[in-house]
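First comes the structure, then the notes that go with it.
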Amino acid sequence: MPTTEYTFCRNCTAQCGLEVTIEDNRLLSVTGDKNQPLTKGYFCPKALASNDIHNGEDRLFEHRKGRGAAQTGVEAQPAFDEIGERLRHIIDEHGPRAVGLYFGTGANMNAMAHSAFRAFMHALGSPYIFSSMTLDQSAKWVNISRMGMFAPGPRYIHDADVGLMVGSNTVLTHAAVRGVPAANPRKWLKQGKENGLKLIVVDPRLTETARLADLHLQIRPGEDIWLFGGMIRLVLDNGWENREFCDRWIGSLDALREAVREFDLDRVAERTGLPSSQIEEATKLFATAARPSAATGTGPNMSPRSNLAEHLVMVLNAICAGYRRAGDPVTNTGYLFGPNEVQERIIPPNRSWECEPKLRSRDTGRIFGEFPTALLPDEIIGKGEDRLRALIVVGGNPAMALVDPGKSLAAFDALELLVTLDVRSTETTAISDYVISTSLPYEHDDITGMFDGYNPIAYANVVRGFMERPHGIVDDWEFFWEIARRLGLQLELKRPQYPAAYETVVGPTLALDMTAKPEVATILRFYASTFGRTDYDELVAAPHGVRRDDLVNRVLPASQDDGFRLDLLPPDVARELAEAIAEPRSEAFKYRLTTRRLLYTVNSAYRHAGRTRKRFPTNPASMNPSDMAAEGLETDDWIRITSAHGSVVARVEADPTIRSGAISLSHLWGKLRQEDDPDGRTGAFSGHLSSLDIAELESINFMPIQSAVPINIALHSKADSGCDDARV
Ligand SMILES: Nc1nc2c(c(=O)[nH]1)N[C@H]1C(S)=C(S)[C@@H](COP(=O)(O)OP(=O)(O)OC[C@H]3O[C@@H](n4cnc5c(=O)[nH]c(N)nc54)[C@H](O)[C@@H]3O)O[C@H]1N2
Ligand SMILES: Nc1nc2c(c(=O)[nH]1)N[C@H]1C(S)=C(S)[C@@H](COP(=O)(O)OP(=O)(O)OC[C@H]3O[C@@H](n4cnc5c(=O)[nH]c(N)nc54)[C@H](O)[C@@H]3O)O[C@H]1N2
Ligand code: SF4
Ligand SMILES: [Mo]
């Protein structure tokens, strides 16, 4: 007999409530849980893909050892013994700092994995944690760390009267951008519009999000600095800034006024490819709004000078007071883990990268507790004895995510030990010494909470695992417990918090029993009671989770002036700005390659799923039809895309939504080694076009350039060249 279970999706931060039917350990159907008070029945195709992996599609069923073709299956306990042994040897010889850890997006929705690996690294005594965020939107962290942060944060988009979204397609990606709830962003945007919200979207593509915009600024990729420099100047020239906010929280704007003098409207229009009148209209709309709110996505954060672009968007937001203010309602701060109250104050800049601990290969420290992943290869290859020798990868696929495989693969190869925890086989598991196959979401008990501060209401849920796991499969957290035990370490769990270094997470700790494996319920009970707002028993008894409306409060006014101000123009930002203004637009490359995400995948996950391949036999290079006509190209032709760094072959697809001069290609498809697929029939790996050369990385967070990449194209072969069968 089929039974019904209630759970939540763990593919992304939206954590949609799901209703699942199951029979004989097979999932029969999945749909949105209409009684879940946060997401109310909403779900997207990736929840269905999650269904398929639970039924065995593209799943890793065993632990493995030995690199590449030599990999064979291994049982869990012998694998843990061997890994423990090899780590012990490395630590005895070279110390704990020879061990590093990388976590990817697959770990982010796994609360127990998160707190276990942070506790493990802390107990071990190694600060070397890397993650996908420094390949993603770490410009946001750099901005906060240089400018400081106005503590009440952004308004929810449905409470704003003008929203500005820059290079974010949240309607499709459900990315948790400032103030836009991740579950069903379209609904929240529409609700805002019903309340009078005007939406401005800055994107080279008429995205699903841009379709909802009142004003779509279809900018040339990589030119956000010009647009926002120009908008800031227009605001200041016209006196549109919010005087009251600026006087209290910023101070003099004279230096900023001077720094943006070069951004006159004609130059800005010329660089951005936008009509002057549209730039003026957007600026006036945003700056004269009573409740504005600006947010960015990966677009400007992956393009050249990403830290500066992010900074300028946030400067525009600051001078227009795009924040919740004293008296504004706060409907949620994070039910399980958020603060009790929100007050007007500045969290001052910290420039954490200037402090210890630092890398060995470069004089730079952590940002929000993480080292820049683009520098991971140099840390492994090292200059001398003192280097990373062992790496543990949790829920990530760095062999693909870390662009420029020419450099990164050589580094992974130089590791003495690479251990990867994943639920499917990936390019990274293929090069690992040990692969630990971990449980899927519906196979373990779990809790919402990692991202509960992003929700528009106070909500939490504990769910039980309801599917039997295949023989030997372990939870991610168990791996860290097993290895810690073998190394004689005591794990002291803290609540899961992202992003943050272990030392900075406030709240109680849970010392795990290291002799007998703790029950999952013990850990979940600890999380649920962290700040005493609820408890495990209450949550576990509520199949649709618990919503609390009585926690709503209002932003408190500042108590006394502590002297902190937002720093809009620290010296390094001023320097970057001057350099950017002096930099001509390179004409050596005719097009710019832009990043985008596909509905059916989460980065490299679900690429091989049947549902994905049906719609996307490969990842297409989307081009404006007028550009295609000028190049003599037709849909399904194969083009060679060449950057200063490398080249790939991609199938071209006409797409009138993309701006002329831009070509958009989703990431982490195709082959790491070009010789494995010289004609690009399995997809085009955009990582070949980006570089890890230090000269090409952004400063501070060392982001590789993954969007607005200068490229040229040439016909590789016509659509009818007879190779199409090989595509699937
Ligand atoms: N060229 C180019 N490169 C890019 C980007 C781009 O736009 N262009 N985007 C960048 C961005 S934004 C990101 S975030 C990175 C992505 O970087 P990564 O996070 O390293 O890559 P993913 O493909 O998301 O890998 C997630 C892995 O987690 C696994 N997984 C899922 N759930 C679990 C779980 O519960 N436990 C464990 N152990 N594993 C799990 C999945 O099977 C998958 O293999 O790539 C970056 N790289
Ligand atoms: N379905 C699905 N959802 C996902 C993911 C996925 O792979 N698939 N990945 C998840 C991850 S890890 C992340 S980080 C988030 C990312 O979430 P988003 O940031 O929403 O990701 P994208 O869809 O790549 O949107 C980036 C947008 O920036 C635009 N853009 C590119 N270059 C520029 C530029 O120079 N300037 C401006 N202004 N715009 C530019 C692109 O056209 C694109 O529309 O999504 C998450 N959600
Ligand atoms: S938006 Fe889609 S992938 Fe994200 S939690 Fe909801 S159903 Fe899952
Ligand atoms: Mo990402």
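Following the order of the structure tokens, chains are lettered A, B, ..., residues in each are numbered from 1, and ligands are numbered from 1.
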
DSSP on the backbone, then: every residue of segment 131-379 of chain A marked alpha helix (DSSP H), written as an MDAnalysis selection string. chainID A and resid 139:147 170:173 185:194 224:238 243:249 254:259 265:272 276:287 298:302 306:319 376:379

Can you list, as a PyMOL selection string, every residue of segment 398-620 of chain A that DSSP puts in strand (DSSP E)? chain A and resi 417-422+434-437+446-447+458-460+462-463+492-493+510-511+546-548+553-554+591-596

Take the residues just selected and output them with N, CA and C atoms as an mmCIF file, in the first residue's frame.
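out30.cif, freshly written:
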```cif
data_model
loop_
_atom_site.group_PDB
_atom_site.id
_atom_site.type_symbol
_atom_site.label_atom_id
_atom_site.label_comp_id
_atom_site.auth_asym_id
_atom_site.auth_seq_id
_atom_site.Cartn_x
_atom_site.Cartn_y
_atom_site.Cartn_z
ATOM 1 N N LEU A 417 46.296 12.700 -0.470
ATOM 2 C CA LEU A 417 45.016 12.058 -0.150
ATOM 3 C C LEU A 417 43.863 12.982 -0.526
ATOM 4 N N LEU A 418 42.977 12.477 -1.368
ATOM 5 C CA LEU A 418 41.764 13.225 -1.722
ATOM 6 C C LEU A 418 40.565 12.330 -1.397
ATOM 7 N N VAL A 419 39.740 12.795 -0.465
ATOM 8 C CA VAL A 419 38.547 12.040 -0.050
ATOM 9 C C VAL A 419 37.327 12.869 -0.407
ATOM 10 N N THR A 420 36.371 12.289 -1.117
ATOM 11 C CA THR A 420 35.176 13.041 -1.507
ATOM 12 C C THR A 420 33.920 12.349 -1.008
ATOM 13 N N LEU A 421 33.049 13.151 -0.393
ATOM 14 C CA LEU A 421 31.739 12.648 0.047
ATOM 15 C C LEU A 421 30.698 13.158 -0.933
ATOM 16 N N ASP A 422 29.966 12.258 -1.560
ATOM 17 C CA ASP A 422 28.953 12.700 -2.521
ATOM 18 C C ASP A 422 27.871 11.648 -2.621
ATOM 19 N N TYR A 434 39.497 8.161 -2.083
ATOM 20 C CA TYR A 434 38.352 7.502 -1.452
ATOM 21 C C TYR A 434 37.101 8.304 -1.778
ATOM 22 N N VAL A 435 36.040 7.598 -2.087
ATOM 23 C CA VAL A 435 34.756 8.246 -2.311
ATOM 24 C C VAL A 435 33.789 7.665 -1.296
ATOM 25 N N ILE A 436 33.209 8.529 -0.476
ATOM 26 C CA ILE A 436 32.245 8.067 0.526
ATOM 27 C C ILE A 436 30.859 8.438 0.026
ATOM 28 N N SER A 437 30.048 7.407 -0.111
ATOM 29 C CA SER A 437 28.706 7.599 -0.646
ATOM 30 C C SER A 437 27.758 7.867 0.518
ATOM 31 N N ASP A 446 16.173 15.239 9.513
ATOM 32 C CA ASP A 446 16.803 16.522 9.157
ATOM 33 C C ASP A 446 16.023 17.674 9.764
ATOM 34 N N ILE A 447 16.613 18.840 9.661
ATOM 35 C CA ILE A 447 15.983 20.037 10.230
ATOM 36 C C ILE A 447 16.178 21.211 9.273
ATOM 37 N N ALA A 458 8.618 33.278 10.388
ATOM 38 C CA ALA A 458 9.353 32.410 11.311
ATOM 39 C C ALA A 458 8.801 30.992 11.152
ATOM 40 N N TYR A 459 9.663 30.097 10.721
ATOM 41 C CA TYR A 459 9.204 28.750 10.380
ATOM 42 C C TYR A 459 10.334 27.756 10.630
ATOM 43 N N ALA A 460 9.996 26.589 11.149
ATOM 44 C CA ALA A 460 11.007 25.537 11.306
ATOM 45 C C ALA A 460 10.349 24.170 11.194
ATOM 46 N N VAL A 462 11.261 19.734 11.583
ATOM 47 C CA VAL A 462 12.112 18.549 11.691
ATOM 48 C C VAL A 462 11.417 17.442 10.921
ATOM 49 N N VAL A 463 12.139 16.767 10.039
ATOM 50 C CA VAL A 463 11.514 15.661 9.294
ATOM 51 C C VAL A 463 12.265 14.370 9.573
ATOM 52 N N GLU A 492 32.968 18.942 19.002
ATOM 53 C CA GLU A 492 32.071 19.827 19.751
ATOM 54 C C GLU A 492 31.221 20.569 18.725
ATOM 55 N N LEU A 493 30.004 20.093 18.539
ATOM 56 C CA LEU A 493 29.157 20.695 17.501
ATOM 57 C C LEU A 493 28.641 22.053 17.942
ATOM 58 N N LEU A 510 27.661 21.253 21.597
ATOM 59 C CA LEU A 510 27.280 19.894 21.982
ATOM 60 C C LEU A 510 28.519 19.003 21.822
ATOM 61 N N ALA A 511 29.033 18.523 22.938
ATOM 62 C CA ALA A 511 30.175 17.607 22.883
ATOM 63 C C ALA A 511 29.641 16.216 22.541
ATOM 64 N N VAL A 546 6.398 24.119 11.948
ATOM 65 C CA VAL A 546 5.778 25.049 12.886
ATOM 66 C C VAL A 546 6.019 26.480 12.419
ATOM 67 N N ARG A 547 4.945 27.250 12.382
ATOM 68 C CA ARG A 547 5.036 28.658 12.022
ATOM 69 C C ARG A 547 4.746 29.485 13.267
ATOM 70 N N ARG A 548 5.508 30.545 13.482
ATOM 71 C CA ARG A 548 5.265 31.407 14.639
ATOM 72 C C ARG A 548 5.069 32.832 14.145
ATOM 73 N N ASN A 553 8.554 41.616 15.235
ATOM 74 C CA ASN A 553 8.838 42.849 15.969
ATOM 75 C C ASN A 553 9.215 43.958 14.997
ATOM 76 N N ARG A 554 9.692 45.048 15.509
ATOM 77 C CA ARG A 554 10.033 46.186 14.650
ATOM 78 C C ARG A 554 11.494 46.539 14.828
ATOM 79 N N TYR A 591 32.753 39.267 -28.684
ATOM 80 C CA TYR A 591 31.607 38.909 -27.834
ATOM 81 C C TYR A 591 32.019 38.803 -26.371
ATOM 82 N N ARG A 592 30.995 38.733 -25.519
ATOM 83 C CA ARG A 592 31.244 38.474 -24.102
ATOM 84 C C ARG A 592 30.404 37.263 -23.710
ATOM 85 N N LEU A 593 31.049 36.283 -23.076
ATOM 86 C CA LEU A 593 30.339 35.080 -22.639
ATOM 87 C C LEU A 593 29.749 35.321 -21.254
ATOM 88 N N THR A 594 28.451 35.090 -21.104
ATOM 89 C CA THR A 594 27.825 35.348 -19.796
ATOM 90 C C THR A 594 27.371 34.041 -19.158
ATOM 91 N N THR A 595 27.347 34.085 -17.834
ATOM 92 C CA THR A 595 26.901 32.932 -17.077
ATOM 93 C C THR A 595 25.373 32.886 -17.050
ATOM 94 N N ARG A 596 24.831 31.715 -16.877
ATOM 95 C CA ARG A 596 23.393 31.536 -16.649
ATOM 96 C C ARG A 596 23.175 30.143 -16.063
#
```

Could you give me, as a Markdown table, a per-residue list for chain A showing, wherever an atom lies at most 12 Å from an atom of ligand 3, the closest pair of atoms and their distance in Å to one decimal, using only C-alpha atoms and all ligand atoms and sorting by chain then residue number from low to high?
```
| residue | atom | partner | partner_atom_place_in_ligand_line | distance |
| --- | --- | --- | --- | --- |
| A:Thr7 | CA | ligand 3 | 5 (S) | 10.8 |
| A:Phe8 | CA | ligand 3 | 5 (S) | 7.2 |
| A:Cys9 | CA | ligand 3 | 8 (Fe) | 4.5 |
| A:Arg10 | CA | ligand 3 | 5 (S) | 5.7 |
| A:Asn11 | CA | ligand 3 | 3 (S) | 4.5 |
| A:Cys12 | CA | ligand 3 | 4 (Fe) | 4.2 |
| A:Thr13 | CA | ligand 3 | 5 (S) | 6.0 |
| A:Ala14 | CA | ligand 3 | 5 (S) | 4.3 |
| A:Gln15 | CA | ligand 3 | 5 (S) | 4.0 |
| A:Cys16 | CA | ligand 3 | 6 (Fe) | 4.2 |
| A:Gly17 | CA | ligand 3 | 6 (Fe) | 7.6 |
| A:Leu18 | CA | ligand 3 | 7 (S) | 7.9 |
| A:Glu19 | CA | ligand 3 | 7 (S) | 11.2 |
| A:Val30 | CA | ligand 3 | 7 (S) | 9.9 |
| A:Thr31 | CA | ligand 3 | 7 (S) | 8.9 |
| A:Gly32 | CA | ligand 3 | 7 (S) | 7.8 |
| A:Asp33 | CA | ligand 3 | 7 (S) | 10.5 |
| A:Leu38 | CA | ligand 3 | 6 (Fe) | 11.0 |
| A:Thr39 | CA | ligand 3 | 6 (Fe) | 8.1 |
| A:Lys40 | CA | ligand 3 | 6 (Fe) | 10.8 |
| A:Gly41 | CA | ligand 3 | 7 (S) | 9.5 |
| A:Tyr42 | CA | ligand 3 | 6 (Fe) | 6.9 |
| A:Phe43 | CA | ligand 3 | 7 (S) | 3.8 |
| A:Cys44 | CA | ligand 3 | 2 (Fe) | 3.9 |
| A:Pro45 | CA | ligand 3 | 2 (Fe) | 6.2 |
| A:Lys46 | CA | ligand 3 | 3 (S) | 4.7 |
| A:Ala47 | CA | ligand 3 | 7 (S) | 4.4 |
| A:Leu48 | CA | ligand 3 | 7 (S) | 7.9 |
| A:Ala49 | CA | ligand 3 | 3 (S) | 8.9 |
| A:Ser50 | CA | ligand 3 | 8 (Fe) | 8.2 |
| A:Asn51 | CA | ligand 3 | 8 (Fe) | 10.6 |
| A:Gly106 | CA | ligand 3 | 3 (S) | 11.8 |
| A:Met109 | CA | ligand 3 | 5 (S) | 9.5 |
| A:Thr170 | CA | ligand 3 | 1 (S) | 10.0 |
| A:Val171 | CA | ligand 3 | 1 (S) | 9.4 |
| A:Leu172 | CA | ligand 3 | 1 (S) | 8.5 |
| A:Thr173 | CA | ligand 3 | 1 (S) | 7.6 |
| A:His174 | CA | ligand 3 | 1 (S) | 5.7 |
| A:Ala175 | CA | ligand 3 | 4 (Fe) | 8.6 |
| A:Ala176 | CA | ligand 3 | 4 (Fe) | 10.2 |
| A:Pro181 | CA | ligand 3 | 1 (S) | 10.5 |
| A:Ala182 | CA | ligand 3 | 1 (S) | 7.1 |
| A:Ala183 | CA | ligand 3 | 1 (S) | 5.6 |
| A:Asn184 | CA | ligand 3 | 1 (S) | 6.8 |
| A:Pro185 | CA | ligand 3 | 1 (S) | 9.0 |
| A:Arg186 | CA | ligand 3 | 1 (S) | 11.0 |
| A:Pro441 | CA | ligand 3 | 8 (Fe) | 11.4 |
| A:Thr448 | CA | ligand 3 | 5 (S) | 11.3 |
| A:Phe451 | CA | ligand 3 | 5 (S) | 11.6 |
| A:Leu598 | CA | ligand 3 | 3 (S) | 11.7 |
| A:Leu599 | CA | ligand 3 | 2 (Fe) | 8.9 |
| A:Tyr600 | CA | ligand 3 | 3 (S) | 8.9 |
| A:Thr601 | CA | ligand 3 | 3 (S) | 8.9 |
| A:Val602 | CA | ligand 3 | 3 (S) | 8.0 |
| A:Asn603 | CA | ligand 3 | 3 (S) | 11.7 |
| A:Ala605 | CA | ligand 3 | 3 (S) | 11.3 |
| A:Tyr606 | CA | ligand 3 | 3 (S) | 11.1 |
```

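Candidate residues A:Val142, A:Ala484, A:Ala501, A:Leu60 were compared for distance to Ile83 of chain A, and the nearest is A:Ala484, using only C-alpha atoms.
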
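With distances taken over only C-alpha atoms and all ligand atoms, A:Glu478 is the one residue among A:Glu478, A:Asp264, A:Glu354, A:Asp627 lying closest to ligand 1.
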
Closest contacts (chain A/ligand 4, max 10 Å, only C-alpha atoms and all ligand atoms) as a Markdown table:
```
| residue | atom | partner | partner_atom_place_in_ligand_line | distance |
| --- | --- | --- | --- | --- |
| A:Gly104 | CA | ligand 4 | 1 (Mo) | 8.5 |
| A:Thr105 | CA | ligand 4 | 1 (Mo) | 6.9 |
| A:Ser131 | CA | ligand 4 | 1 (Mo) | 9.9 |
| A:Ser132 | CA | ligand 4 | 1 (Mo) | 6.4 |
| A:Met133 | CA | ligand 4 | 1 (Mo) | 6.3 |
| A:Thr134 | CA | ligand 4 | 1 (Mo) | 9.0 |
| A:Leu135 | CA | ligand 4 | 1 (Mo) | 7.3 |
| A:Asp136 | CA | ligand 4 | 1 (Mo) | 4.8 |
| A:Gln137 | CA | ligand 4 | 1 (Mo) | 7.2 |
| A:Ser138 | CA | ligand 4 | 1 (Mo) | 9.9 |
| A:Thr173 | CA | ligand 4 | 1 (Mo) | 10.0 |
| A:Ala175 | CA | ligand 4 | 1 (Mo) | 8.6 |
| A:Gly297 | CA | ligand 4 | 1 (Mo) | 9.6 |
| A:Thr298 | CA | ligand 4 | 1 (Mo) | 7.6 |
| A:Ala401 | CA | ligand 4 | 1 (Mo) | 9.3 |
| A:Arg597 | CA | ligand 4 | 1 (Mo) | 9.6 |
| A:Val602 | CA | ligand 4 | 1 (Mo) | 8.8 |
| A:Asn603 | CA | ligand 4 | 1 (Mo) | 7.5 |
```

- Task: Write out as JSON, numbers by chain each polymer residue whose atoms come within 10 Å of Thr657 of chain A, counting only C-alpha atoms; drop sequence neighbours fewer than 2 positions from it.
- Result: {"A": [204, 205, 206, 207, 208, 210, 211, 218, 622, 623, 624, 625, 654, 655, 659, 660]}

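Counting only C-alpha atoms, segment 332-345 of chain A has the following residues at most 7 Å away, ignoring those fewer than 3 positions along the same chain: A:Phe150, A:Ala151, A:Pro152, A:Arg325, A:Ala326, A:Gly449, A:Asp452, A:Gly453, A:Asn455, A:Pro456, A:Ile457, A:Ala458, A:Tyr459, A:Ala460, A:Ala528, A:Phe531, A:Arg533, A:Val552, A:Val555, A:Leu556, A:Pro557, A:Ala558.
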
Please provide as a VMD selection string all residues within 9 Å of segment 72-75 of chain A, with the sequence filter that same-chain residues fewer than 3 positions apart are discarded (counting only C-alpha atoms). chain A and resid 62 to 67 69 78 to 80 434 472

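For the residues A:Glu427, A:Tyr6, A:Ile367, A:Pro377, ranking by smallest atom-to-atom distance to Asp445 of chain A using only C-alpha atoms places A:Tyr6 first.
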
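If you measure from each of A:Ser425, A:Val649, A:Leu633, A:Arg146 to Asp679 of chain A using only C-alpha atoms, the closest one turns out to be A:Val649.
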
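Minimum atom-to-atom distances from A:Ala111, A:Ala318, A:Leu388, A:Leu236 to ligand 1 were compared using only C-alpha atoms and all ligand atoms, and the lowest value belongs to A:Ala111.
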
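The coordinates place atom CA of Met467 of chain A at 26.2 Å from atom 10 (C, counted along the ligand's line) of ligand 2.
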
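Among the candidates A:Phe245, A:Phe117, A:Phe685, A:Phe589, the residue lying nearest to ligand 1 is A:Phe685 (atoms considered: only C-alpha atoms and all ligand atoms).
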
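Here atom CA of Thr428 of chain A and atom CA of Asn110 of chain A stand 19.3 Å from one another.
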
query = Within 10 Å of Phe371 of chain A, counting only C-alpha atoms, which residues qualify if same-chain residues fewer than 5 places away don't, as a PyMOL selection string?
reply = chain A and resi 102+127-131+133-134+353+357-359+364-366+376+701-702

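Non-sequential neighbours of segment 278-281 of chain A (distance at most 9 Å, separation of 2 or more positions within a chain, only C-alpha atoms) are Leu215, His216, Leu217, Leu227, Gly230, Met231, Leu234, Leu265, Val268, Ala269, Leu274, Pro275, Ser276, Thr283, Lys284, Leu285 and Phe286 of chain A.
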
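In this structure, atom CA of Asp237 of chain A sits 14.8 Å away from atom CA of Asp266 of chain A.
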